[in-house]
$ cat upload-v5.txt   # compact mmCIF, C-alpha atoms and all ligand atoms
# COMPACT_ATOMS: atom_id res chain seq x y z
CA MET A 1 115.06 115.31 81.15
CA ILE A 2 113.87 111.75 81.22
CA SER A 3 116.29 109.09 82.31
CA PHE A 4 115.43 105.60 81.17
CA ASN A 5 116.93 102.44 82.47
CA PRO A 6 114.79 99.47 81.43
CA ASP A 7 116.34 97.05 83.88
CA ALA A 8 115.89 99.29 86.86
CA LEU A 9 112.44 100.52 86.02
CA TYR A 10 110.62 97.51 84.68
CA ASP A 11 107.98 96.80 87.29
CA GLY A 12 106.30 93.69 85.95
CA ARG A 13 103.56 95.57 84.07
CA GLY A 14 105.43 97.93 81.81
CA TRP A 15 108.46 100.11 81.47
CA ARG A 16 108.49 103.16 83.67
CA ALA A 17 110.54 106.25 83.16
CA THR A 18 110.34 109.02 85.69
CA ALA A 19 111.36 112.62 85.36
CA GLY A 20 111.51 113.92 88.87
CA ASP A 21 108.20 113.51 90.63
CA ALA A 22 106.25 115.42 88.05
CA LEU A 23 106.04 112.95 85.22
CA THR A 24 105.75 109.24 84.91
CA ILE A 25 105.68 107.66 81.50
CA ARG A 26 104.70 104.07 81.11
CA TRP A 27 105.60 102.17 77.96
CA ARG A 28 103.86 98.98 77.16
CA ARG A 29 106.26 96.08 77.06
CA PRO A 30 107.05 94.97 73.50
CA ASN A 31 104.31 92.58 72.49
CA HIS A 32 106.39 89.75 71.05
CA ALA A 33 103.45 87.38 71.22
CA ALA A 34 101.50 89.56 68.80
CA MET A 35 104.53 90.08 66.58
CA ASN A 36 105.12 86.38 66.26
CA GLY A 37 101.75 85.37 64.94
CA PRO A 38 98.10 85.69 65.81
CA SER A 39 98.65 84.59 69.36
CA HIS A 40 100.65 81.60 70.30
CA MET A 41 100.09 82.41 73.95
CA HIS A 42 96.34 82.11 73.40
CA ARG A 43 96.94 78.67 71.97
CA ALA A 44 98.98 77.82 75.07
CA LEU A 45 96.10 79.10 77.22
CA GLU A 46 93.72 76.79 75.36
CA GLU A 47 96.03 73.88 76.16
CA ALA A 48 96.03 74.97 79.81
CA GLU A 49 92.22 74.98 79.85
CA LYS A 50 92.14 71.50 78.34
CA ALA A 51 94.59 70.38 81.05
CA ALA A 52 92.23 71.69 83.74
CA GLU A 53 89.41 69.65 82.20
CA ARG A 54 91.61 66.56 82.66
CA ASP A 55 92.15 67.56 86.33
CA GLU A 56 95.72 68.58 85.63
CA VAL A 57 97.27 71.79 86.92
CA PRO A 58 96.34 74.15 84.07
CA VAL A 59 99.60 74.93 82.34
CA GLY A 60 99.88 74.88 78.56
CA ALA A 61 102.79 75.23 76.17
CA VAL A 62 103.34 75.74 72.47
CA LEU A 63 106.57 75.31 70.53
CA VAL A 64 106.85 77.45 67.43
CA ASP A 65 109.28 77.53 64.53
CA GLY A 66 110.60 81.05 64.95
CA THR A 67 111.22 81.50 61.22
CA THR A 68 107.87 80.39 59.82
CA GLY A 69 105.75 81.07 62.91
CA LYS A 70 104.28 77.57 62.56
CA VAL A 71 103.28 75.62 65.64
CA ILE A 72 105.40 72.47 65.88
CA ALA A 73 103.89 71.09 69.09
CA ALA A 74 101.28 72.05 71.67
CA ALA A 75 100.46 70.38 74.97
CA GLY A 76 99.15 70.83 78.47
CA ASN A 77 100.35 69.21 81.67
CA ARG A 78 99.84 65.43 81.82
CA THR A 79 101.56 64.38 85.04
CA GLU A 80 98.40 62.86 86.57
CA ASN A 81 97.05 61.30 83.40
CA ASP A 82 100.40 59.78 82.41
CA ASN A 83 101.66 59.01 85.93
CA ASP A 84 104.76 60.87 84.91
CA PRO A 85 106.24 63.50 87.23
CA THR A 86 108.16 64.99 84.31
CA ALA A 87 105.14 65.39 82.03
CA HIS A 88 105.04 69.17 82.32
CA ALA A 89 103.67 71.00 79.28
CA GLU A 90 107.13 72.33 78.35
CA MET A 91 108.75 68.88 78.49
CA LEU A 92 105.99 67.45 76.30
CA VAL A 93 106.31 70.06 73.56
CA ILE A 94 110.11 69.89 73.60
CA ARG A 95 110.03 66.10 73.26
CA ALA A 96 107.41 66.19 70.51
CA ALA A 97 109.17 68.93 68.56
CA ALA A 98 112.59 67.28 68.84
CA GLU A 99 111.12 64.03 67.60
CA ARG A 100 109.39 65.79 64.74
CA ARG A 101 112.61 67.58 63.78
CA ARG A 102 114.65 64.45 64.32
CA SER A 103 117.09 66.48 66.34
CA PRO A 104 117.71 67.03 70.04
CA ARG A 105 118.28 70.71 69.31
CA LEU A 106 115.52 73.18 68.62
CA ASP A 107 117.61 76.09 67.35
CA GLY A 108 115.45 78.95 66.11
CA CYS A 109 112.39 77.71 67.97
CA ASP A 110 110.38 79.73 70.47
CA LEU A 111 108.49 78.33 73.42
CA TYR A 112 105.29 79.85 74.81
CA VAL A 113 104.14 78.63 78.19
CA THR A 114 101.42 79.99 80.46
CA LEU A 115 103.49 79.77 83.66
CA GLU A 116 107.11 80.51 84.53
CA PRO A 117 108.95 77.21 83.93
CA CYS A 118 110.17 75.16 86.88
CA PRO A 119 113.92 74.34 87.17
CA MET A 120 113.49 71.02 85.33
CA CYS A 121 111.78 72.63 82.37
CA ALA A 122 114.15 75.61 82.35
CA SER A 123 117.05 73.13 82.10
CA ALA A 124 115.35 71.29 79.26
CA ILE A 125 114.70 74.59 77.46
CA SER A 126 118.40 75.39 77.73
CA LEU A 127 119.52 71.92 76.62
CA ALA A 128 117.17 72.13 73.62
CA ARG A 129 118.65 75.52 72.74
CA VAL A 130 115.26 77.17 72.47
CA ARG A 131 115.70 80.65 71.05
CA ARG A 132 113.06 82.58 72.98
CA LEU A 133 110.98 81.78 76.00
CA TYR A 134 107.69 83.60 76.45
CA PHE A 135 105.88 82.84 79.68
CA GLY A 136 102.65 84.03 81.25
CA ALA A 137 102.33 84.18 85.01
CA TYR A 138 105.32 84.50 87.30
CA ASP A 139 105.70 81.64 89.80
CA PRO A 140 107.52 82.76 92.95
CA LYS A 141 107.03 79.34 94.58
CA GLY A 142 107.93 76.90 91.81
CA GLY A 143 109.53 78.97 89.07
CA GLY A 144 113.15 78.44 88.12
CA VAL A 145 113.71 81.33 85.72
CA GLU A 146 113.05 84.55 87.62
CA HIS A 147 112.85 82.80 90.97
CA GLY A 148 114.51 79.99 92.93
CA ALA A 149 117.22 78.23 90.97
CA ARG A 150 117.33 80.95 88.25
CA VAL A 151 118.63 78.25 85.95
CA PHE A 152 119.66 80.50 83.07
CA GLU A 153 121.86 82.61 85.32
CA GLN A 154 124.00 79.68 86.49
CA ALA A 155 127.52 79.09 85.20
CA SER A 156 126.45 75.51 84.42
CA CYS A 157 123.90 76.86 81.91
CA HIS A 158 125.46 76.91 78.45
CA HIS A 159 122.52 78.28 76.47
CA ARG A 160 120.35 81.08 77.69
CA PRO A 161 117.21 81.84 75.68
CA GLU A 162 115.82 85.35 75.40
CA VAL A 163 113.18 85.52 78.12
CA TYR A 164 109.94 87.49 78.04
CA GLY A 165 107.78 87.05 81.13
CA GLY A 166 104.31 88.30 81.95
CA ILE A 167 102.74 87.71 78.49
CA ASP A 168 98.97 87.43 79.02
CA GLU A 169 99.89 87.07 82.67
CA THR A 170 96.40 87.81 84.01
CA GLN A 171 94.62 85.09 82.04
CA SER A 172 97.24 82.49 82.97
CA ALA A 173 97.14 83.38 86.64
CA GLU A 174 93.31 83.45 86.69
CA LEU A 175 93.17 79.96 85.23
CA LEU A 176 95.49 78.64 87.94
CA LYS A 177 93.69 80.47 90.74
CA ARG A 178 90.30 79.18 89.60
CA PHE A 179 91.65 75.64 89.38
CA PHE A 180 93.01 75.62 92.93
CA ARG A 181 89.98 77.48 94.33
CA GLU A 182 87.61 74.84 92.91
CA ARG A 183 89.67 72.02 94.40
CA ARG A 184 90.09 73.39 97.86
ZN ZN B 201 108.27 72.21 84.67

$ encode --input "upload-v5.txt" --output "structure tokens"
Amino acid sequence: MISFNPDALYDGRGWRATAGDALTIRWRRPNHAAMNGPSHMHRALEEAEKAAERDEVPVGAVLVDGTTGKVIAAAGNRTENDNDPTAHAEMLVIRAAAERRRSPRLDGCDLYVTLEPCPMCASAISLARVRRLYFGAYDPKGGGVEHGARVFEQASCHHRPEVYGGIDETQSAELLKRFFRERR
């Protein structure tokens, strides 16, 4: 008999179910990125690459209308270019989308970002009531979703998006590694 407990057996690459020692079945994680359009995460990766070309830490984000699948805003980090410590990709797409919608709330919108959001961005995602958060690479040092502050798990957090981490994780992480390697 196969026992299956997704929470206990998710190992960062896929779901694992084990039946004794004899059998290990690995399910692929649900590919929400593919379900939600050609590939919003690829668009976010393009924004991250453009950020690297501007000498910014290569992180890109895309904000999508969850109903139509249309991209409302896309951006890469601009902290250096704008002399703005808050100009993370997520903040930029949230601001742009809210302005475009003429509303501080982005109900029904999904955010794709190439790296696990920091605590500031996670807070903004919650305040904006983003429906789903898809992120690429996990960030044990600076992340605030699965690491550190774990913003969405706090009692002070009044809106928790659905969170899907590790989407196109390898490409996102490679981009970051290459960037820091070249600047060492
Ligand atoms: Zn951030």

$ residues_around --input "upload-v5.txt" --residues "A:Ser172" --least-positions-apart "4" --cutoff "9 Å" --atoms "all atoms listed in the file" --output "PyMOL selection string"
chain A and resi 45+48+58-59+114-115+136-137+167-168+176-177

$ residues_around --input "upload-v5.txt" --residues "A:Val93" --least-positions-apart "6" --cutoff "7 Å" --atoms "only C-alpha atoms" --output "ChimeraX atom specification"
/A:61-63,73-75

$ residues_near_ligand --input "upload-v5.txt" --ligand "ligand ZN 201 (chain B)" --cutoff "8 Å" --atoms "all atoms listed in the file" --output "PyMOL selection string"
chain A and resi 86-91+117-122

$ atom_distance --input "upload-v5.txt" --atom1 "atom CA of A:Val163" --atom2 "atom CA of A:Val113"
11.4 Å

$ residues_around --input "upload-v5.txt" --residues "stretch 127-132 of chain A" --least-positions-apart "3" --cutoff "6 Å" --atoms "all atoms listed in the file" --output "number ranges by chain"
A: 105-110, 124, 161-163

$ atom_distance --input "upload-v5.txt" --atom1 "atom CA of A:Asp65" --atom2 "atom CA of A:Arg160"
17.6 Å
